[in-house]
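Novice: Got a file for you: my_file04.csv, CSV, C-alpha atoms.
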chain,number,residue,atom,x,y,z
K,90,MET,CA,-0.6,12.2,-3.8
K,91,ARG,CA,-3.6,14.5,-3.8
K,92,LYS,CA,-3.2,18.2,-4.4
K,93,ILE,CA,-3.3,20.3,-1.2
K,94,LYS,CA,-5.8,23.0,-1.7
K,95,HIS,CA,-4.5,25.7,0.5
K,96,GLY,CA,-1.0,27.2,0.0
K,97,LYS,CA,2.4,25.9,-1.1
K,98,LEU,CA,4.1,24.1,1.7
K,99,ALA,CA,7.6,24.6,0.3
K,100,ALA,CA,7.0,28.3,0.8
K,101,GLY,CA,6.3,27.9,4.5
K,102,CYS,CA,3.1,29.0,6.3
K,103,ALA,CA,2.8,32.6,5.1
K,104,ASP,CA,0.0,31.9,2.5
K,105,SER,CA,-2.0,29.1,4.3
K,106,CYS,CA,-3.6,28.4,7.6
K,107,CYS,CA,-1.5,26.2,9.8
K,108,LEU,CA,-1.4,24.4,13.1
K,109,LYS,CA,2.1,24.5,14.5
K,110,LEU,CA,3.5,22.6,17.4
K,111,GLU,CA,6.9,23.7,18.7
K,112,GLY,CA,8.9,22.0,21.5
K,113,LEU,CA,5.8,20.3,22.9
K,114,SER,CA,6.6,18.2,26.0
K,115,VAL,CA,4.1,16.5,28.4
K,116,ARG,CA,4.8,14.8,31.7
K,117,LEU,CA,2.2,12.7,33.5
K,118,GLU,CA,2.7,11.6,37.1
K,119,GLY,CA,6.4,12.3,36.8
K,120,ASP,CA,6.8,10.3,33.6
K,121,SER,CA,7.9,11.9,30.3
K,122,ILE,CA,5.3,11.1,27.7
K,123,LEU,CA,6.2,13.6,24.9
K,124,GLU,CA,9.5,15.3,24.4
K,125,ASP,CA,10.2,18.3,22.2
K,126,VAL,CA,7.5,17.4,19.6
K,127,SER,CA,7.5,19.9,16.6
K,128,PHE,CA,5.6,19.8,13.3
K,129,HIS,CA,3.2,21.8,11.1
K,130,LEU,CA,-0.2,20.8,9.8
K,131,HIS,CA,-1.8,22.8,7.0
K,132,CYS,CA,-5.4,23.2,6.0
K,133,GLY,CA,-6.4,20.9,3.2
K,134,GLU,CA,-3.7,18.4,4.4
K,135,ILE,CA,-4.2,14.9,5.7
K,136,ALA,CA,-1.5,13.9,8.2
K,137,ALA,CA,-1.2,10.4,9.6
K,138,LEU,CA,0.3,9.8,13.0
K,139,ILE,CA,2.0,6.4,13.5
K,140,GLY,CA,3.9,4.9,16.3
K,141,PRO,CA,4.1,1.9,18.6
K,142,ASN,CA,1.7,1.4,21.5
K,143,GLY,CA,2.6,3.8,24.3
K,144,ALA,CA,4.3,6.3,21.9
K,145,GLY,CA,2.2,9.2,23.1
K,146,LYS,CA,-0.3,9.5,20.2
K,147,SER,CA,-3.4,9.9,22.4
K,148,THR,CA,-1.5,12.3,24.6
K,149,LEU,CA,-0.6,14.4,21.6
K,150,PHE,CA,-4.2,14.5,20.5
K,151,ARG,CA,-5.4,15.5,24.1
K,152,SER,CA,-2.8,18.3,24.2
K,153,ILE,CA,-4.2,19.8,20.9
K,154,LEU,CA,-7.7,19.4,22.3
K,155,GLY,CA,-6.7,21.4,25.4
K,156,GLN,CA,-7.2,18.5,27.8
K,157,LEU,CA,-3.6,18.3,29.2
K,158,ASN,CA,-1.0,20.8,30.4
K,159,TYR,CA,2.1,20.9,28.3
K,160,LYS,CA,5.3,22.8,27.8
K,161,GLY,CA,6.1,24.4,24.4
K,162,SER,CA,3.6,26.0,22.2
K,163,ILE,CA,0.6,25.1,19.9
K,164,THR,CA,-0.1,27.9,17.5
K,165,PHE,CA,-2.9,28.3,15.0
K,166,SER,CA,-2.5,30.7,12.0
K,167,PRO,CA,-5.7,31.3,10.0
K,168,ALA,CA,-5.3,32.0,6.3
K,169,ARG,CA,-5.8,35.7,6.9
K,170,GLY,CA,-5.1,37.1,10.4
K,171,PRO,CA,-2.6,36.9,13.2
K,172,ALA,CA,-1.4,33.6,14.7
K,173,ILE,CA,-2.5,32.7,18.2
K,174,ARG,CA,-1.3,30.3,20.8
K,175,LEU,CA,-4.1,27.9,21.7
K,176,ASP,CA,-3.5,28.3,25.5
K,177,ASP,CA,-3.9,32.1,25.3
K,178,GLY,CA,-7.2,33.9,26.2
K,179,PRO,CA,-10.2,34.0,23.8
K,180,ALA,CA,-9.5,37.6,22.9
K,181,SER,CA,-6.1,36.8,21.4
K,182,GLY,CA,-7.3,36.0,17.9
K,183,ILE,CA,-9.3,33.5,15.8
K,184,ARG,CA,-9.3,30.3,17.8
K,185,PRO,CA,-9.7,27.1,15.7
K,186,LEU,CA,-12.6,24.8,16.0
K,187,VAL,CA,-11.3,21.3,16.6
K,188,GLY,CA,-13.5,18.3,15.7
K,189,TYR,CA,-12.6,15.0,17.4
K,190,VAL,CA,-13.6,11.4,16.6
K,191,PRO,CA,-12.5,9.1,19.4
K,192,GLN,CA,-11.8,5.4,19.1
K,193,ALA,CA,-15.2,3.8,18.3
K,194,PRO,CA,-17.3,3.2,21.4
K,195,HIS,CA,-19.1,-0.1,21.9
K,196,PHE,CA,-22.9,-0.2,21.9
K,197,ASP,CA,-25.0,-3.2,23.0
K,198,ARG,CA,-26.7,-4.7,19.9
K,199,GLY,CA,-30.0,-4.7,21.9
K,200,ASP,CA,-29.7,-1.1,22.9
K,201,PRO,CA,-32.7,0.8,21.5
K,202,VAL,CA,-30.9,4.2,21.2
K,203,SER,CA,-31.1,5.3,17.6
K,204,VAL,CA,-28.7,7.5,15.6
K,205,LEU,CA,-31.3,10.3,15.9
K,206,ASP,CA,-31.4,9.8,19.7
K,207,PHE,CA,-27.6,9.9,19.8
K,208,PHE,CA,-27.4,13.1,17.8
K,209,THR,CA,-30.1,14.8,19.7
K,210,ALA,CA,-28.5,14.0,23.1
K,211,ALA,CA,-25.1,15.3,21.8
K,212,THR,CA,-26.3,18.5,20.1
K,213,ALA,CA,-29.5,19.7,21.8
K,214,LYS,CA,-30.9,20.2,25.3
K,215,TRP,CA,-33.8,17.9,24.7
K,216,PRO,CA,-34.8,14.8,26.7
K,217,VAL,CA,-34.5,11.9,24.2
K,218,TRP,CA,-37.3,9.9,25.9
K,219,LEU,CA,-39.7,12.5,24.6
K,220,PRO,CA,-40.8,12.7,21.0
K,221,ILE,CA,-38.0,14.5,19.1
K,222,PRO,CA,-39.1,17.7,17.3
K,223,GLN,CA,-38.8,17.9,13.6
K,224,LYS,CA,-36.2,20.6,13.7
K,225,TYR,CA,-33.8,18.3,15.5
K,226,ARG,CA,-34.5,15.5,13.1
K,227,GLU,CA,-33.7,17.8,10.2
K,228,ARG,CA,-30.5,19.0,11.8
K,229,ALA,CA,-29.3,15.4,12.4
K,230,ALA,CA,-30.2,14.5,8.8
K,231,ALA,CA,-28.3,17.5,7.5
K,232,CYS,CA,-25.2,16.5,9.5
K,233,LEU,CA,-25.4,12.9,8.3
K,234,ALA,CA,-25.7,14.2,4.7
K,235,ARG,CA,-22.2,15.6,5.0
K,236,VAL,CA,-20.9,12.0,5.2
K,237,HIS,CA,-23.6,10.4,2.9
K,238,GLY,CA,-25.2,8.7,5.8
K,239,GLU,CA,-28.8,10.0,5.8
K,240,GLU,CA,-30.2,6.4,5.7
K,241,LEU,CA,-28.7,5.8,9.1
K,242,LEU,CA,-30.9,8.3,10.9
K,243,ASP,CA,-33.4,5.8,12.4
K,244,ARG,CA,-31.0,2.9,12.8
K,245,PRO,CA,-30.1,1.6,16.3
K,246,MET,CA,-26.6,2.5,17.3
K,247,GLY,CA,-25.9,-1.1,18.4
K,248,GLY,CA,-26.8,-2.4,14.9
K,249,LEU,CA,-24.3,-0.3,13.0
K,250,SER,CA,-21.2,-1.8,11.3
K,251,GLY,CA,-17.8,-0.5,12.2
K,252,GLY,CA,-17.8,1.7,9.1
K,253,GLN,CA,-21.3,3.0,9.7
K,254,LEU,CA,-20.5,3.9,13.3
K,255,GLN,CA,-17.4,5.8,12.2
K,256,ARG,CA,-19.5,7.7,9.7
K,257,VAL,CA,-22.0,8.7,12.5
K,258,LEU,CA,-19.2,9.8,14.8
K,259,LEU,CA,-17.6,11.7,11.9
K,260,ALA,CA,-20.9,13.5,11.1
K,261,LEU,CA,-21.1,14.6,14.8
K,262,ALA,CA,-17.5,15.9,14.8
K,263,LEU,CA,-18.4,18.0,11.8
K,264,GLU,CA,-21.1,19.9,13.6
K,265,PRO,CA,-20.1,22.7,13.4
K,266,VAL,CA,-17.6,22.2,10.6
K,267,PRO,CA,-14.2,22.6,12.3
K,268,HIS,CA,-10.8,23.9,11.1
K,269,ILE,CA,-9.0,20.8,12.4
K,270,LEU,CA,-10.4,17.3,12.5
K,271,ILE,CA,-8.7,14.7,14.7
K,272,LEU,CA,-9.5,11.0,14.4
K,273,ASP,CA,-8.1,8.4,16.8
K,274,GLU,CA,-7.7,5.1,15.0
K,275,PRO,CA,-10.7,5.6,12.7
K,276,LEU,CA,-9.8,2.4,10.7
K,277,SER,CA,-9.9,0.1,13.7
K,278,GLY,CA,-12.7,-2.4,13.4
K,279,VAL,CA,-13.7,-1.3,9.9
K,280,ASP,CA,-13.8,-3.8,7.1
K,281,ILE,CA,-11.9,-3.2,3.8
K,282,GLU,CA,-14.9,-1.8,2.0
K,283,GLY,CA,-15.8,0.5,4.9
K,284,GLU,CA,-12.1,1.5,5.1
K,285,HIS,CA,-12.1,2.6,1.4
K,286,GLN,CA,-15.3,4.5,1.8
K,287,LEU,CA,-14.0,6.3,4.9
K,288,LEU,CA,-10.7,7.3,3.3
K,289,ASP,CA,-12.5,8.6,0.2
K,290,MET,CA,-14.9,10.5,2.4
K,291,LEU,CA,-12.0,12.2,4.3
K,292,ASP,CA,-10.5,13.2,1.0
K,293,GLU,CA,-13.8,14.7,0.0
K,294,LEU,CA,-14.2,16.5,3.3
K,295,ARG,CA,-10.8,18.1,3.3
K,296,THR,CA,-11.3,19.3,-0.2
K,297,GLN,CA,-14.8,20.6,0.4
K,298,TYR,CA,-14.1,22.4,3.7
K,299,ASP,CA,-10.3,22.9,3.5
K,300,LEU,CA,-9.8,21.0,6.7
K,301,SER,CA,-6.7,19.9,8.4
K,302,ILE,CA,-7.2,16.2,9.1
K,303,PHE,CA,-4.9,14.5,11.6
K,304,LEU,CA,-5.5,10.8,12.3
K,305,SER,CA,-3.7,7.9,14.0
K,306,THR,CA,-3.5,4.5,12.4
K,307,HIS,CA,-1.7,1.2,12.4
K,308,ASP,CA,-2.7,0.4,8.9
K,309,PHE,CA,0.6,1.3,7.1
K,310,ALA,CA,-0.3,-0.3,3.8
K,311,THR,CA,-2.9,2.4,3.0
K,312,LEU,CA,-0.8,5.4,4.0
K,313,SER,CA,0.4,6.2,0.5
K,314,GLN,CA,-3.2,6.1,-0.8
K,315,PHE,CA,-4.6,9.0,1.4
K,316,ALA,CA,-1.9,10.7,3.5
K,317,ASP,CA,0.0,13.8,2.4
K,318,LYS,CA,2.3,13.6,5.4
K,319,VAL,CA,3.2,10.8,7.9
K,320,ILE,CA,4.6,11.6,11.4
K,321,LEU,CA,6.4,8.8,13.1
K,322,LEU,CA,6.2,9.3,16.9
K,323,ASN,CA,7.7,7.6,19.8
K,324,ARG,CA,7.7,10.2,22.6
K,325,ARG,CA,9.4,12.5,20.1
K,326,VAL,CA,9.1,12.9,16.3
K,327,LEU,CA,11.4,10.3,14.8
K,328,LYS,CA,10.6,11.0,11.2
K,329,SER,CA,8.2,13.2,9.3
K,330,GLY,CA,7.5,13.5,5.6
K,331,PRO,CA,5.7,11.9,2.6
K,332,PRO,CA,4.5,8.3,3.2
K,333,GLU,CA,7.1,6.7,0.9
K,334,GLU,CA,9.9,8.6,2.6
K,335,VAL,CA,8.8,7.7,6.2
K,336,LEU,CA,8.0,4.0,5.4
K,337,SER,CA,11.4,3.5,3.7
K,338,SER,CA,13.3,5.2,6.5
K,339,PRO,CA,15.7,3.5,9.0
K,340,GLU,CA,13.6,5.1,11.8
K,341,PHE,CA,10.5,3.2,10.6
K,342,TYR,CA,12.4,-0.1,10.4
K,343,GLU,CA,14.0,0.4,13.8
K,344,THR,CA,10.6,1.1,15.3
K,345,PHE,CA,8.5,-1.6,13.7
K,346,HIS,CA,11.1,-4.1,12.2
K,347,LEU,CA,9.2,-3.9,9.0
K,348,ARG,CA,10.5,-3.0,5.5
K,349,MET,CA,7.9,-1.1,3.5
K,350,GLY,CA,7.8,1.5,0.8
K,351,LYS,CA,9.1,0.5,-2.7
K,352,GLY,CA,10.1,-3.0,-1.5
K,353,GLY,CA,6.8,-3.8,0.1
K,354,ALA,CA,6.2,-5.2,3.6
K,355,GLN,CA,8.5,-7.9,4.8
Could you express the structure from this file as structure tokens?
Specialist:
Amino acid sequence: MRKIKHGKLAAGCADSCCLKLEGLSVRLEGDSILEDVSFHLHCGEIAALIGPNGAGKSTLFRSILGQLNYKGSITFSPARGPAIRLDDGPASGIRPLVGYVPQAPHFDRGDPVSVLDFFTAATAKWPVWLPIPQKYRERAAACLARVHGEELLDRPMGGLSGGQLQRVLLALALEPVPHILILDEPLSGVDIEGEHQLLDMLDELRTQYDLSIFLSTHDFATLSQFADKVILLNRRVLKSGPPEEVLSSPEFYETFHLRMGKGGAQ
């Protein structure tokens, strides 16, 4: 397991920045989607969210992003300074920046929109059908440099591989560099080589910028290679801990009917 840069988790949250969810519950159209969800996520830590379809993973992300009403609390504690509730007013303290990478959108292979066009449309008030000024080109190139993707600047969005598209979306989510980075199924549609590159990049980013990285995945075989913590969710948190502990747990087997961990998948 990689060393977490910021703080000693066994000592609690006193010496590190922390995103803390306590008793989070969400109801949509009368149905209970999340029930009493509680966990911590520290800066410099990669946490993987796993669970069956319909477990509430996307709802949990949307709650942290402020897109849904919820009961309970979501609190952010910077490394130095008072903790604040995310649903309090802007004057309550240092509010975290949250970067978000959604599940990869689909682009028509004949679509002429380039990566530069995409970045400019997302980050600047400039009509992309006009010649793009050099300052916007330089800004997009600098963003792509964070994910070693400068060569993608003039490529058409529809011509990108799954891994390249994830790299572009990740670069956009890092502008500006957030405190917390959320990725929804980033490994979906990515080949093995692209998957390894993306996971190595996430490790590099969390170390360089001391990010909290929170991602959902169905790729259980890679969890021990990159995750510091795994959270098994099915409306509520069934199990949370290091990958080996969660993958070997009765809760994991009861949820997926798979035996993993030391004995391997069966």
Novice: Got a sec: who's within 12 Å of Phe341 of chain K, counting all atoms listed in the file, leaving out chain neighbours fewer than 2 positions off, as a VMD selection string?
Specialist: chain K and resid 139 to 141 309 319 to 323 326 to 330 332 to 339 343 to 350 354
Novice: Give me the residues within 7 Å of segment 227-243 of chain K as a JSON list (two decimals) with C-alpha atoms, in the coordinates of the input, counting all atoms listed in the file and dropping any in the same chain fewer than 3 places off.
Specialist:
[["chain", "number", "residue", "atom", "x", "y", "z"],
["K", 203, "SER", "CA", -31.10, 5.30, 17.60],
["K", 204, "VAL", "CA", -28.70, 7.50, 15.60],
["K", 205, "LEU", "CA", -31.30, 10.30, 15.90],
["K", 208, "PHE", "CA", -27.40, 13.10, 17.80],
["K", 223, "GLN", "CA", -38.80, 17.90, 13.60],
["K", 224, "LYS", "CA", -36.20, 20.60, 13.70],
["K", 256, "ARG", "CA", -19.50, 7.70, 9.70],
["K", 257, "VAL", "CA", -22.00, 8.70, 12.50],
["K", 260, "ALA", "CA", -20.90, 13.50, 11.10],
["K", 261, "LEU", "CA", -21.10, 14.60, 14.80],
["K", 264, "GLU", "CA", -21.10, 19.90, 13.60],
["K", 290, "MET", "CA", -14.90, 10.50, 2.40]]
Novice: Which one of K:Ala310, K:Phe165, K:Ala262, K:Gly199 sits closest to Ala211 of chain K if you count all atoms listed in the file?
Specialist: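 Smallest distance to Ala211 of chain K is found for K:Ala262.
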Novice: Nearest residue to Phe303 of chain K out of K:Pro275, K:Gly283, K:Gly161, K:Gly145, using only C-alpha atoms?
Specialist: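 With only C-alpha atoms as the atom set, the closest residue is K:Pro275.
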Novice: Please compute the atom CA of Gly251 of chain K-atom CA of Leu288 of chain K distance, one decimal, in Å.
Specialist: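 Answer for the atom CA of Gly251 of chain K to atom CA of Leu288 of chain K separation: 13.8 Å.
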Novice: Could you pull the residues within 7 Å of Glu111 of chain K, counting all atoms listed in the file, minus those fewer than 2 positions along the same chain, as an mmCIF file with C-alpha atoms, in the coordinates of the input?
Specialist:
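Generated file (result15.cif):
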data_model
loop_
_atom_site.group_PDB
_atom_site.id
_atom_site.type_symbol
_atom_site.label_atom_id
_atom_site.label_comp_id
_atom_site.auth_asym_id
_atom_site.auth_seq_id
_atom_site.Cartn_x
_atom_site.Cartn_y
_atom_site.Cartn_z
ATOM 1 C CA LYS K 109 2.100 24.500 14.500
ATOM 2 C CA LEU K 113 5.800 20.300 22.900
ATOM 3 C CA VAL K 126 7.500 17.400 19.600
ATOM 4 C CA SER K 127 7.500 19.900 16.600
ATOM 5 C CA PHE K 128 5.600 19.800 13.300
ATOM 6 C CA GLY K 161 6.100 24.400 24.400
ATOM 7 C CA SER K 162 3.600 26.000 22.200
ATOM 8 C CA ILE K 163 0.600 25.100 19.900
#
Novice: Quick one: pull the distance between atom CA of Tyr225 of chain K and atom CA of Arg198 of chain K, Å, one decimal.
Specialist: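 Interatomic distance, atom CA of Tyr225 of chain K to atom CA of Arg198 of chain K: 24.5 Å.
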Novice: For the atom pair atom CA of Val217 of chain K and atom CA of Pro265 of chain K, what is the interatomic distance in Å to one decimal place?
Specialist: 21.0 Å
Novice: Measuring between all atoms listed in the file, which one of K:Pro267, K:Pro245, K:Pro201, K:Gly252 shows the shortest distance to Ile281 of chain K?
Specialist: K:Gly252
Novice: Closest to Gly112 of chain K among K:Thr148, K:Ser250, K:Thr164, K:Asn142, using only C-alpha atoms?
Specialist: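 Nearest to Gly112 of chain K: K:Thr164.
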Novice: When you count only C-alpha atoms, which of these residues is closest to Ala316 of chain K: K:Leu291, K:Ile221, K:Val190, K:Leu117?
Specialist: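 The closest residue to Ala316 of chain K is K:Leu291.
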Novice: When distances are computed from only C-alpha atoms, which of K:Asp200, K:Leu304, K:Cys106, K:Arg151 shows the smallest separation from Gly133 of chain K?
Specialist: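 Using only C-alpha atoms, the shortest distance to Gly133 of chain K belongs to K:Cys106.
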Novice: I'd like the contact shell of Gly188 of chain K - 8 Å cut-off, all atoms listed in the file, skipping same-chain residues fewer than 6 positions apart - returned as a short mmCIF file (atom, residue, chain, number, x, y, z; two decimals) with C-alpha atoms, keeping the file's coordinate frame.
Specialist:
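result-v6.cif, written as the output of this step:
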data_model
loop_
_atom_site.label_atom_id
_atom_site.label_comp_id
_atom_site.auth_asym_id
_atom_site.auth_seq_id
_atom_site.Cartn_x
_atom_site.Cartn_y
_atom_site.Cartn_z
CA ALA K 262 -17.50 15.90 14.80
CA LEU K 263 -18.40 18.00 11.80
CA VAL K 266 -17.60 22.20 10.60
CA PRO K 267 -14.20 22.60 12.30
CA HIS K 268 -10.80 23.90 11.10
CA ILE K 269 -9.00 20.80 12.40
CA LEU K 270 -10.40 17.30 12.50
CA ILE K 271 -8.70 14.70 14.70
#
